[in-house]
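To start, the structure under review is shown below, and the notes come after it.
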Amino acid sequence: MVVSINQVGIALRYFGGTVRPKTKKYLTIPAIPEAHGKRASEFSDLHFSIELNPKLNARMPCLVQGARSLIRTRKVKGLPKVFAAGSVARRVVFWLVRSATFSPDESVLPSQADLQAHLQNTVDSYVKLLVSRASK
């Protein structure tokens with residue numbers, strides 16, 4: 001039996017894997033409900049910043065709404081580093097990450113037993129329909 005699913009990303013959720021950006025430097029991870037299912041380019045007022053991610057308790061690059069970014073760069077041991085230069089109230093819309101890794105989750109699809117049971121019920125219903133047509 002072959003099951004075909006046209007849902008984008010279902011294989012990633014089912015088998016797991018790592019996603020990396022193809023043409024940009026970062027992936028955008030939604031930080032607020034309004035950002036889910038949208039691209040950063042759909043927002044006209046986003047600015048780069050480095051903010052504290054409360055889930056990870058770490059400062060991370062992000063795109064914020066509101067006040068302009070207050071960042072500065074400086075060389076540390078000969079390499080450019082980016083530093084936050086101030087804290088103005090703003091809202092993180094997207095966290096920026098270089099990759100995202102997903103664990104396999106087989107629960108996104110029905111189990112083999114459920115698929116077989118549904119197929120058996122469908123076949124039984126079809127056979128009953130054919131028998132009822134033949135007896136008329």
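Identifiers in the structure tokens: chain A, B, ... in order shown; residue index from 1 per chain; ligand index from 1 in order shown.
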
Please return, as number ranges by chain, all residues of stretch 7-136 of chain A that DSSP assigns to strand (DSSP E) on the basis of the backbone.
A: 17-19, 27-30, 46-53, 58-66, 71-76, 79-84, 90-97, 100-102

Excluding A:Leu27 and residues on its chain fewer than 6 positions from it, collect all residues at most 10 Å away from it, counting only C-alpha atoms, and give them as JSON, numbers by chain.
{"A": [19, 20, 21, 40, 94, 95, 96, 97, 98, 99, 100]}

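When atom CA of A:Thr18 is paired with atom CA of A:Phe102, their separation reads 6.2 Å.
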
A:Ala113, A:Val93, A:Ala58, A:Val127 ranked by distance to A:Thr28, top pick (using only C-alpha atoms)
A:Val93

Alpha helix (DSSP H) positions in chain A, given as a ChimeraX atom specification
/A:10-15,112-134

Quick one, how far is atom CA of A:Thr122 from atom CA of A:Val8?
27.2 Å

Extract, using only C-alpha atoms, all DNA, RNA and protein residues at most 12 Å from A:Glu34, discarding same-chain residues fewer than 4 positions from it, and format them as a count of residues only.
12

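Shortest separation to A:Leu109 among A:Ser4, A:Thr23, A:Ser135, A:Ser44 occurs at residue A:Ser4, atoms counted being only C-alpha atoms.
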
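For the choices A:Val123, A:Val131, A:Asp105, A:Ile32, the atom-to-atom distance to A:Tyr14 is smallest for A:Asp105 when using only C-alpha atoms.
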
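Note that the spacing between atom CA of A:Pro61 and atom CA of A:Ser49 amounts to 5.9 Å.
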
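The smallest atom-to-atom distance between A:Leu46 and any of A:Leu130, A:Leu63, A:Ala31, A:Val76, using only C-alpha atoms, is found for A:Leu63.
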